[in-house]
Amino acid sequence: MNNKTDISFHYNPQGLSDRVALFFTKSMRFVADTFFKKRYGHRAVVLETVAGVPGMVAGMWTHLTSLRRMKHGYGPKIRTLLAEAENERMHLMTFIEIAKPNAFERYLVLIVQAIFWNFYFIIYVFFPRTAHRIVGYFEEEAVYSYTEYLKQIDDGDTPNIPAPKIAIDYWKLSSDATLRDVVIAVRADETEHRDANHEFANEYDVK
């Protein structure tokens, strides 16, 4: 699966597991839309905190699975998942510089992360295919949100401020890069995570 340039890509659910994953994702989308509305910078701070959880949970559990089974071959998947978690962490660090979250949003991050970590861990241990599909759908929504964020910037509703140094260094942007460049870079990352997790889910069907 290689849809990196297709920002409108959607994986059509193939069964009950996929439909549950999609329903859960749409429910979370409704909550985010209700709470944050068009405040995409602040939305990114909270949601990127959640987005950094699946890769770490899945990478850790896959690592432990390899140890328990005493089998190799898990390395590429572990590295992909941990790299995903690190990438999402850098998204968070970047949007903290841009959105300047208030005290309430910082506490919200702690609560959301604690709840989602435990929830996702249980899902991944018992239903790994569904867990990967959830992340695939999460990333589809992330791509959509960042596309809407870009529209806000292009329409002048959100100031196209200079990119923070952390973003310039991480994505190797030009010294005069702006928020728009950052959002485009982040959206490209999300398309990669989207495709990787949908592919991981599909692999369970092959097995």
# chains A, B, ... in the order shown; residues from 1 in each chain; ligands from 1
>>> residues_around(residues="Leu110 in chain A", least_positions_apart="4", cutoff="12 Å", atoms="only C-alpha atoms", output="ChimeraX atom specification")
/A:45-47,49-50,103-106,114-117
>>> residues_around(residues="Lys172 in chain A", least_positions_apart="4", cutoff="12 Å", atoms="only C-alpha atoms", output="PyMOL selection string")
chain A and resi 163-168+176-177+181-182+185
>>> write_last_selection(atoms="N, CA and C atoms", output="mmCIF file, in the first residue's frame")
data_model
loop_
_atom_site.group_PDB
_atom_site.id
_atom_site.type_symbol
_atom_site.label_atom_id
_atom_site.label_comp_id
_atom_site.auth_asym_id
_atom_site.auth_seq_id
_atom_site.Cartn_x
_atom_site.Cartn_y
_atom_site.Cartn_z
ATOM 1 N N ALA A 163 7.848 29.184 11.301
ATOM 2 C CA ALA A 163 7.955 27.848 11.890
ATOM 3 C C ALA A 163 8.898 27.886 13.084
ATOM 4 N N PRO A 164 8.583 27.173 14.162
ATOM 5 C CA PRO A 164 9.489 27.126 15.306
ATOM 6 C C PRO A 164 10.782 26.397 14.927
ATOM 7 N N LYS A 165 11.843 26.711 15.628
ATOM 8 C CA LYS A 165 13.150 26.134 15.307
ATOM 9 C C LYS A 165 13.146 24.614 15.398
ATOM 10 N N ILE A 166 12.411 24.079 16.358
ATOM 11 C CA ILE A 166 12.381 22.625 16.517
ATOM 12 C C ILE A 166 11.858 21.947 15.257
ATOM 13 N N ALA A 167 10.885 22.589 14.585
ATOM 14 C CA ALA A 167 10.329 22.029 13.350
ATOM 15 C C ALA A 167 11.309 22.171 12.198
ATOM 16 N N ILE A 168 11.972 23.316 12.114
ATOM 17 C CA ILE A 168 12.955 23.546 11.055
ATOM 18 C C ILE A 168 14.068 22.517 11.141
ATOM 19 N N ASP A 176 13.379 30.190 6.498
ATOM 20 C CA ASP A 176 12.221 31.087 6.441
ATOM 21 C C ASP A 176 10.899 30.309 6.364
ATOM 22 N N ALA A 177 10.932 29.050 6.779
ATOM 23 C CA ALA A 177 9.723 28.217 6.725
ATOM 24 C C ALA A 177 8.634 28.786 7.628
ATOM 25 N N ASP A 181 4.294 25.315 6.033
ATOM 26 C CA ASP A 181 5.279 24.283 5.699
ATOM 27 C C ASP A 181 5.288 23.171 6.746
ATOM 28 N N VAL A 182 5.125 23.566 7.998
ATOM 29 C CA VAL A 182 5.109 22.584 9.081
ATOM 30 C C VAL A 182 3.898 21.664 8.952
ATOM 31 N N ALA A 185 4.363 19.138 6.258
ATOM 32 C CA ALA A 185 5.302 18.091 6.661
ATOM 33 C C ALA A 185 4.647 17.098 7.619
#
>>> residues_around(residues="range 90-92 of chain A", least_positions_apart="5", cutoff="12 Å", atoms="only C-alpha atoms", output="count of residues only")
41
>>> closest_residue(among="A:Asn118, A:Phe24, A:Glu141, A:Arg180", to="Pro159 in chain A", atoms="only C-alpha atoms")
A:Arg180
>>> atom_distance(atom1="CA of Tyr11 in chain A", atom2="CA of Arg89 in chain A")
25.2 Å
>>> select_by_dssp(residues="chain A", states="alpha helix (DSSP H)", output="PDB file with C-alpha atoms, in the first residue's frame")
ATOM      1  CA  LEU A  16     -16.972  -6.384  11.777  1.00  0.00           C
ATOM      2  CA  SER A  17     -13.510  -5.661  13.173  1.00  0.00           C
ATOM      3  CA  ASP A  18     -12.966  -2.847  10.668  1.00  0.00           C
ATOM      4  CA  ARG A  19     -16.422  -1.434  11.268  1.00  0.00           C
ATOM      5  CA  VAL A  20     -15.841  -1.347  15.009  1.00  0.00           C
ATOM      6  CA  ALA A  21     -12.508   0.397  14.437  1.00  0.00           C
ATOM      7  CA  LEU A  22     -14.125   2.958  12.137  1.00  0.00           C
ATOM      8  CA  PHE A  23     -17.041   3.570  14.505  1.00  0.00           C
ATOM      9  CA  PHE A  24     -14.679   4.128  17.418  1.00  0.00           C
ATOM     10  CA  THR A  25     -12.588   6.529  15.342  1.00  0.00           C
ATOM     11  CA  LYS A  26     -15.606   8.535  14.191  1.00  0.00           C
ATOM     12  CA  SER A  27     -16.816   8.730  17.803  1.00  0.00           C
ATOM     13  CA  MET A  28     -13.460  10.174  18.875  1.00  0.00           C
ATOM     14  CA  ARG A  29     -13.627  12.568  15.935  1.00  0.00           C
ATOM     15  CA  PHE A  30     -17.023  13.806  17.110  1.00  0.00           C
ATOM     16  CA  VAL A  31     -15.648  14.464  20.599  1.00  0.00           C
ATOM     17  CA  ALA A  32     -12.649  16.343  19.204  1.00  0.00           C
ATOM     18  CA  ASP A  33     -14.812  18.413  16.864  1.00  0.00           C
ATOM     19  CA  THR A  34     -17.179  19.291  19.705  1.00  0.00           C
ATOM     20  CA  PHE A  35     -14.453  20.254  22.128  1.00  0.00           C
ATOM     21  CA  PHE A  36     -11.926  21.999  19.871  1.00  0.00           C
ATOM     22  CA  TYR A  40      -6.563  23.036  15.093  1.00  0.00           C
ATOM     23  CA  GLY A  41      -3.350  24.022  16.843  1.00  0.00           C
ATOM     24  CA  HIS A  42      -4.769  23.207  20.271  1.00  0.00           C
ATOM     25  CA  ARG A  43      -6.446  20.091  18.888  1.00  0.00           C
ATOM     26  CA  ALA A  44      -3.052  18.927  17.632  1.00  0.00           C
ATOM     27  CA  VAL A  45      -1.471  19.284  21.078  1.00  0.00           C
ATOM     28  CA  VAL A  46      -3.988  16.942  22.716  1.00  0.00           C
ATOM     29  CA  LEU A  47      -4.415  14.515  19.833  1.00  0.00           C
ATOM     30  CA  GLU A  48      -0.700  14.164  19.129  1.00  0.00           C
ATOM     31  CA  THR A  49      -0.304  13.116  22.749  1.00  0.00           C
ATOM     32  CA  VAL A  50      -2.718  10.277  22.033  1.00  0.00           C
ATOM     33  CA  ALA A  51      -1.121   9.587  18.651  1.00  0.00           C
ATOM     34  CA  GLY A  52       2.214   8.916  20.313  1.00  0.00           C
ATOM     35  CA  VAL A  53       0.788   6.023  22.334  1.00  0.00           C
ATOM     36  CA  PRO A  54      -0.035   3.277  19.761  1.00  0.00           C
ATOM     37  CA  GLY A  55       3.436   3.038  18.231  1.00  0.00           C
ATOM     38  CA  MET A  56       5.063   2.712  21.633  1.00  0.00           C
ATOM     39  CA  VAL A  57       2.518   0.185  22.921  1.00  0.00           C
ATOM     40  CA  ALA A  58       2.609  -1.910  19.751  1.00  0.00           C
ATOM     41  CA  GLY A  59       6.393  -1.705  19.460  1.00  0.00           C
ATOM     42  CA  MET A  60       6.859  -2.744  23.088  1.00  0.00           C
ATOM     43  CA  TRP A  61       4.402  -5.652  22.839  1.00  0.00           C
ATOM     44  CA  THR A  62       5.895  -6.862  19.551  1.00  0.00           C
ATOM     45  CA  HIS A  63       9.349  -6.742  21.148  1.00  0.00           C
ATOM     46  CA  LEU A  64       8.106  -8.813  24.090  1.00  0.00           C
ATOM     47  CA  THR A  65       6.401 -11.234  21.712  1.00  0.00           C
ATOM     48  CA  SER A  66       9.707 -11.799  19.947  1.00  0.00           C
ATOM     49  CA  LEU A  67      11.385 -12.485  23.288  1.00  0.00           C
ATOM     50  CA  ARG A  68       8.673 -14.877  24.459  1.00  0.00           C
ATOM     51  CA  ARG A  69       8.659 -16.847  21.233  1.00  0.00           C
ATOM     52  CA  GLY A  75      12.806  -6.211  13.961  1.00  0.00           C
ATOM     53  CA  PRO A  76      11.446  -4.220  10.986  1.00  0.00           C
ATOM     54  CA  LYS A  77       7.986  -3.957  12.545  1.00  0.00           C
ATOM     55  CA  ILE A  78       9.377  -2.948  15.943  1.00  0.00           C
ATOM     56  CA  ARG A  79      11.563  -0.249  14.390  1.00  0.00           C
ATOM     57  CA  THR A  80       8.667   1.091  12.303  1.00  0.00           C
ATOM     58  CA  LEU A  81       6.353   1.315  15.307  1.00  0.00           C
ATOM     59  CA  LEU A  82       8.888   2.948  17.607  1.00  0.00           C
ATOM     60  CA  ALA A  83       9.847   5.411  14.870  1.00  0.00           C
ATOM     61  CA  GLU A  84       6.154   6.245  14.513  1.00  0.00           C
ATOM     62  CA  ALA A  85       5.899   6.947  18.252  1.00  0.00           C
ATOM     63  CA  GLU A  86       8.971   9.200  18.124  1.00  0.00           C
ATOM     64  CA  ASN A  87       7.631  11.032  15.088  1.00  0.00           C
ATOM     65  CA  GLU A  88       4.323  11.707  16.825  1.00  0.00           C
ATOM     66  CA  ARG A  89       6.235  12.962  19.871  1.00  0.00           C
ATOM     67  CA  MET A  90       8.004  15.489  17.659  1.00  0.00           C
ATOM     68  CA  HIS A  91       4.641  16.582  16.273  1.00  0.00           C
ATOM     69  CA  LEU A  92       3.585  17.292  19.857  1.00  0.00           C
ATOM     70  CA  MET A  93       6.780  19.170  20.709  1.00  0.00           C
ATOM     71  CA  THR A  94       6.285  21.302  17.602  1.00  0.00           C
ATOM     72  CA  PHE A  95       2.656  22.213  18.268  1.00  0.00           C
ATOM     73  CA  ILE A  96       3.387  23.032  21.888  1.00  0.00           C
ATOM     74  CA  GLU A  97       5.606  25.800  20.503  1.00  0.00           C
ATOM     75  CA  ILE A  98       2.879  26.936  18.118  1.00  0.00           C
ATOM     76  CA  ALA A  99      -0.313  26.653  20.179  1.00  0.00           C
ATOM     77  CA  ALA A 103      -2.927  24.757  32.109  1.00  0.00           C
ATOM     78  CA  PHE A 104      -6.291  23.080  31.497  1.00  0.00           C
ATOM     79  CA  GLU A 105      -5.133  21.584  28.202  1.00  0.00           C
ATOM     80  CA  ARG A 106      -1.946  20.303  29.830  1.00  0.00           C
ATOM     81  CA  TYR A 107      -3.965  18.526  32.525  1.00  0.00           C
ATOM     82  CA  LEU A 108      -6.292  17.211  29.834  1.00  0.00           C
ATOM     83  CA  VAL A 109      -3.279  15.705  28.092  1.00  0.00           C
ATOM     84  CA  LEU A 110      -2.338  13.782  31.253  1.00  0.00           C
ATOM     85  CA  ILE A 111      -5.844  12.396  31.685  1.00  0.00           C
ATOM     86  CA  VAL A 112      -6.346  11.468  28.031  1.00  0.00           C
ATOM     87  CA  GLN A 113      -2.959   9.787  27.794  1.00  0.00           C
ATOM     88  CA  ALA A 114      -3.516   7.721  30.946  1.00  0.00           C
ATOM     89  CA  ILE A 115      -6.902   6.494  29.746  1.00  0.00           C
ATOM     90  CA  PHE A 116      -5.874   5.822  26.167  1.00  0.00           C
ATOM     91  CA  TRP A 117      -2.630   4.026  27.055  1.00  0.00           C
ATOM     92  CA  ASN A 118      -4.464   1.392  29.100  1.00  0.00           C
ATOM     93  CA  PHE A 119      -7.319   1.111  26.616  1.00  0.00           C
ATOM     94  CA  TYR A 120      -5.022   0.661  23.627  1.00  0.00           C
ATOM     95  CA  PHE A 121      -2.765  -1.786  25.438  1.00  0.00           C
ATOM     96  CA  ILE A 122      -5.708  -4.096  26.140  1.00  0.00           C
ATOM     97  CA  ILE A 123      -6.976  -3.801  22.569  1.00  0.00           C
ATOM     98  CA  TYR A 124      -3.526  -4.505  21.137  1.00  0.00           C
ATOM     99  CA  VAL A 125      -2.879  -7.563  23.295  1.00  0.00           C
ATOM    100  CA  PHE A 126      -6.180  -9.250  22.475  1.00  0.00           C
ATOM    101  CA  PRO A 128      -3.964  -6.498  17.362  1.00  0.00           C
ATOM    102  CA  ARG A 129      -5.568  -6.400  13.928  1.00  0.00           C
ATOM    103  CA  THR A 130      -8.334  -4.126  15.175  1.00  0.00           C
ATOM    104  CA  ALA A 131      -5.782  -2.003  17.043  1.00  0.00           C
ATOM    105  CA  HIS A 132      -3.785  -1.358  13.880  1.00  0.00           C
ATOM    106  CA  ARG A 133      -6.967  -0.611  11.939  1.00  0.00           C
ATOM    107  CA  ILE A 134      -7.991   1.916  14.590  1.00  0.00           C
ATOM    108  CA  VAL A 135      -4.677   3.709  14.138  1.00  0.00           C
ATOM    109  CA  GLY A 136      -5.057   3.581  10.367  1.00  0.00           C
ATOM    110  CA  TYR A 137      -8.426   5.292  10.681  1.00  0.00           C
ATOM    111  CA  PHE A 138      -7.071   7.709  13.296  1.00  0.00           C
ATOM    112  CA  GLU A 139      -4.427   8.759  10.813  1.00  0.00           C
ATOM    113  CA  GLU A 140      -7.002   9.191   8.060  1.00  0.00           C
ATOM    114  CA  GLU A 141      -8.758  11.668  10.335  1.00  0.00           C
ATOM    115  CA  ALA A 142      -5.458  13.340  11.139  1.00  0.00           C
ATOM    116  CA  VAL A 143      -4.755  13.852   7.444  1.00  0.00           C
ATOM    117  CA  TYR A 144      -8.212  15.397   7.049  1.00  0.00           C
ATOM    118  CA  SER A 145      -7.707  17.678  10.072  1.00  0.00           C
ATOM    119  CA  TYR A 146      -4.349  18.932   8.847  1.00  0.00           C
ATOM    120  CA  THR A 147      -5.850  19.551   5.419  1.00  0.00           C
ATOM    121  CA  GLU A 148      -8.519  21.694   7.077  1.00  0.00           C
ATOM    122  CA  TYR A 149      -5.788  23.425   9.069  1.00  0.00           C
ATOM    123  CA  LEU A 150      -4.047  24.295   5.801  1.00  0.00           C
ATOM    124  CA  LYS A 151      -7.270  25.747   4.429  1.00  0.00           C
ATOM    125  CA  GLN A 152      -7.559  27.962   7.486  1.00  0.00           C
ATOM    126  CA  ILE A 153      -4.039  29.227   6.923  1.00  0.00           C
ATOM    127  CA  ASP A 154      -4.589  29.792   3.195  1.00  0.00           C
ATOM    128  CA  LYS A 165      13.150  26.134  15.307  1.00  0.00           C
ATOM    129  CA  ILE A 166      12.381  22.625  16.517  1.00  0.00           C
ATOM    130  CA  ALA A 167      10.329  22.029  13.350  1.00  0.00           C
ATOM    131  CA  ILE A 168      12.955  23.546  11.055  1.00  0.00           C
ATOM    132  CA  ASP A 169      15.625  21.293  12.543  1.00  0.00           C
ATOM    133  CA  TYR A 170      13.514  18.126  12.590  1.00  0.00           C
ATOM    134  CA  TRP A 171      12.092  18.317   9.067  1.00  0.00           C
ATOM    135  CA  LEU A 179       3.430  27.236   9.848  1.00  0.00           C
ATOM    136  CA  ARG A 180       2.060  26.173   6.480  1.00  0.00           C
ATOM    137  CA  ASP A 181       5.279  24.283   5.699  1.00  0.00           C
ATOM    138  CA  VAL A 182       5.109  22.584   9.081  1.00  0.00           C
ATOM    139  CA  VAL A 183       1.522  21.436   8.598  1.00  0.00           C
ATOM    140  CA  ILE A 184       2.364  20.019   5.171  1.00  0.00           C
ATOM    141  CA  ALA A 185       5.302  18.091   6.661  1.00  0.00           C
ATOM    142  CA  VAL A 186       3.196  16.755   9.524  1.00  0.00           C
ATOM    143  CA  ARG A 187       0.412  15.709   7.165  1.00  0.00           C
ATOM    144  CA  ALA A 188       2.925  13.777   5.044  1.00  0.00           C
ATOM    145  CA  ASP A 189       4.048  11.919   8.167  1.00  0.00           C
ATOM    146  CA  GLU A 190       0.464  11.046   8.990  1.00  0.00           C
ATOM    147  CA  THR A 191      -0.128   9.549   5.552  1.00  0.00           C
ATOM    148  CA  GLU A 192       2.838   7.244   6.137  1.00  0.00           C
ATOM    149  CA  HIS A 193       1.504   6.152   9.515  1.00  0.00           C
ATOM    150  CA  ARG A 194      -1.943   5.652   7.983  1.00  0.00           C
ATOM    151  CA  ASP A 195      -0.638   3.362   5.271  1.00  0.00           C
ATOM    152  CA  ALA A 196       1.713   1.451   7.582  1.00  0.00           C
ATOM    153  CA  ASN A 197      -1.005   0.628  10.107  1.00  0.00           C
ATOM    154  CA  HIS A 198      -3.557  -0.372   7.515  1.00  0.00           C
ATOM    155  CA  GLU A 199      -0.886  -2.654   6.040  1.00  0.00           C
ATOM    156  CA  PHE A 200      -0.081  -4.140   9.461  1.00  0.00           C
ATOM    157  CA  ALA A 201      -3.781  -4.888   9.899  1.00  0.00           C
ATOM    158  CA  ASN A 202      -3.973  -6.488   6.472  1.00  0.00           C
ATOM    159  CA  GLU A 203      -1.032  -8.756   7.309  1.00  0.00           C
ATOM    160  CA  TYR A 204      -3.157 -10.502   9.938  1.00  0.00           C
ATOM    161  CA  ASP A 205      -5.579 -11.511   7.183  1.00  0.00           C
ATOM    162  CA  VAL A 206      -2.718 -13.020   5.189  1.00  0.00           C
TER     163      VAL A 206
END
>>> atom_distance(atom1="CA of Thr178 in chain A", atom2="CA of Thr158 in chain A")
11.9 Å
>>> decode(residues="range 82-150 of chain A", atoms="C-alpha atoms", output="mmCIF file, in the first residue's frame")
data_model
loop_
_atom_site.group_PDB
_atom_site.id
_atom_site.type_symbol
_atom_site.label_atom_id
_atom_site.label_comp_id
_atom_site.auth_asym_id
_atom_site.auth_seq_id
_atom_site.Cartn_x
_atom_site.Cartn_y
_atom_site.Cartn_z
ATOM 1 C CA LEU A 82 8.888 2.948 17.607
ATOM 2 C CA ALA A 83 9.847 5.411 14.870
ATOM 3 C CA GLU A 84 6.154 6.245 14.513
ATOM 4 C CA ALA A 85 5.899 6.947 18.252
ATOM 5 C CA GLU A 86 8.971 9.200 18.124
ATOM 6 C CA ASN A 87 7.631 11.032 15.088
ATOM 7 C CA GLU A 88 4.323 11.707 16.825
ATOM 8 C CA ARG A 89 6.235 12.962 19.871
ATOM 9 C CA MET A 90 8.004 15.489 17.659
ATOM 10 C CA HIS A 91 4.641 16.582 16.273
ATOM 11 C CA LEU A 92 3.585 17.292 19.857
ATOM 12 C CA MET A 93 6.780 19.170 20.709
ATOM 13 C CA THR A 94 6.285 21.302 17.602
ATOM 14 C CA PHE A 95 2.656 22.213 18.268
ATOM 15 C CA ILE A 96 3.387 23.032 21.888
ATOM 16 C CA GLU A 97 5.606 25.800 20.503
ATOM 17 C CA ILE A 98 2.879 26.936 18.118
ATOM 18 C CA ALA A 99 -0.313 26.653 20.179
ATOM 19 C CA LYS A 100 1.028 27.413 23.674
ATOM 20 C CA PRO A 101 -1.429 25.137 25.539
ATOM 21 C CA ASN A 102 -2.941 26.506 28.725
ATOM 22 C CA ALA A 103 -2.927 24.757 32.109
ATOM 23 C CA PHE A 104 -6.291 23.080 31.497
ATOM 24 C CA GLU A 105 -5.133 21.584 28.202
ATOM 25 C CA ARG A 106 -1.946 20.303 29.830
ATOM 26 C CA TYR A 107 -3.965 18.526 32.525
ATOM 27 C CA LEU A 108 -6.292 17.211 29.834
ATOM 28 C CA VAL A 109 -3.279 15.705 28.092
ATOM 29 C CA LEU A 110 -2.338 13.782 31.253
ATOM 30 C CA ILE A 111 -5.844 12.396 31.685
ATOM 31 C CA VAL A 112 -6.346 11.468 28.031
ATOM 32 C CA GLN A 113 -2.959 9.787 27.794
ATOM 33 C CA ALA A 114 -3.516 7.721 30.946
ATOM 34 C CA ILE A 115 -6.902 6.494 29.746
ATOM 35 C CA PHE A 116 -5.874 5.822 26.167
ATOM 36 C CA TRP A 117 -2.630 4.026 27.055
ATOM 37 C CA ASN A 118 -4.464 1.392 29.100
ATOM 38 C CA PHE A 119 -7.319 1.111 26.616
ATOM 39 C CA TYR A 120 -5.022 0.661 23.627
ATOM 40 C CA PHE A 121 -2.765 -1.786 25.438
ATOM 41 C CA ILE A 122 -5.708 -4.096 26.140
ATOM 42 C CA ILE A 123 -6.976 -3.801 22.569
ATOM 43 C CA TYR A 124 -3.526 -4.505 21.137
ATOM 44 C CA VAL A 125 -2.879 -7.563 23.295
ATOM 45 C CA PHE A 126 -6.180 -9.250 22.475
ATOM 46 C CA PHE A 127 -7.150 -7.721 19.101
ATOM 47 C CA PRO A 128 -3.964 -6.498 17.362
ATOM 48 C CA ARG A 129 -5.568 -6.400 13.928
ATOM 49 C CA THR A 130 -8.334 -4.126 15.175
ATOM 50 C CA ALA A 131 -5.782 -2.003 17.043
ATOM 51 C CA HIS A 132 -3.785 -1.358 13.880
ATOM 52 C CA ARG A 133 -6.967 -0.611 11.939
ATOM 53 C CA ILE A 134 -7.991 1.916 14.590
ATOM 54 C CA VAL A 135 -4.677 3.709 14.138
ATOM 55 C CA GLY A 136 -5.057 3.581 10.367
ATOM 56 C CA TYR A 137 -8.426 5.292 10.681
ATOM 57 C CA PHE A 138 -7.071 7.709 13.296
ATOM 58 C CA GLU A 139 -4.427 8.759 10.813
ATOM 59 C CA GLU A 140 -7.002 9.191 8.060
ATOM 60 C CA GLU A 141 -8.758 11.668 10.335
ATOM 61 C CA ALA A 142 -5.458 13.340 11.139
ATOM 62 C CA VAL A 143 -4.755 13.852 7.444
ATOM 63 C CA TYR A 144 -8.212 15.397 7.049
ATOM 64 C CA SER A 145 -7.707 17.678 10.072
ATOM 65 C CA TYR A 146 -4.349 18.932 8.847
ATOM 66 C CA THR A 147 -5.850 19.551 5.419
ATOM 67 C CA GLU A 148 -8.519 21.694 7.077
ATOM 68 C CA TYR A 149 -5.788 23.425 9.069
ATOM 69 C CA LEU A 150 -4.047 24.295 5.801
#
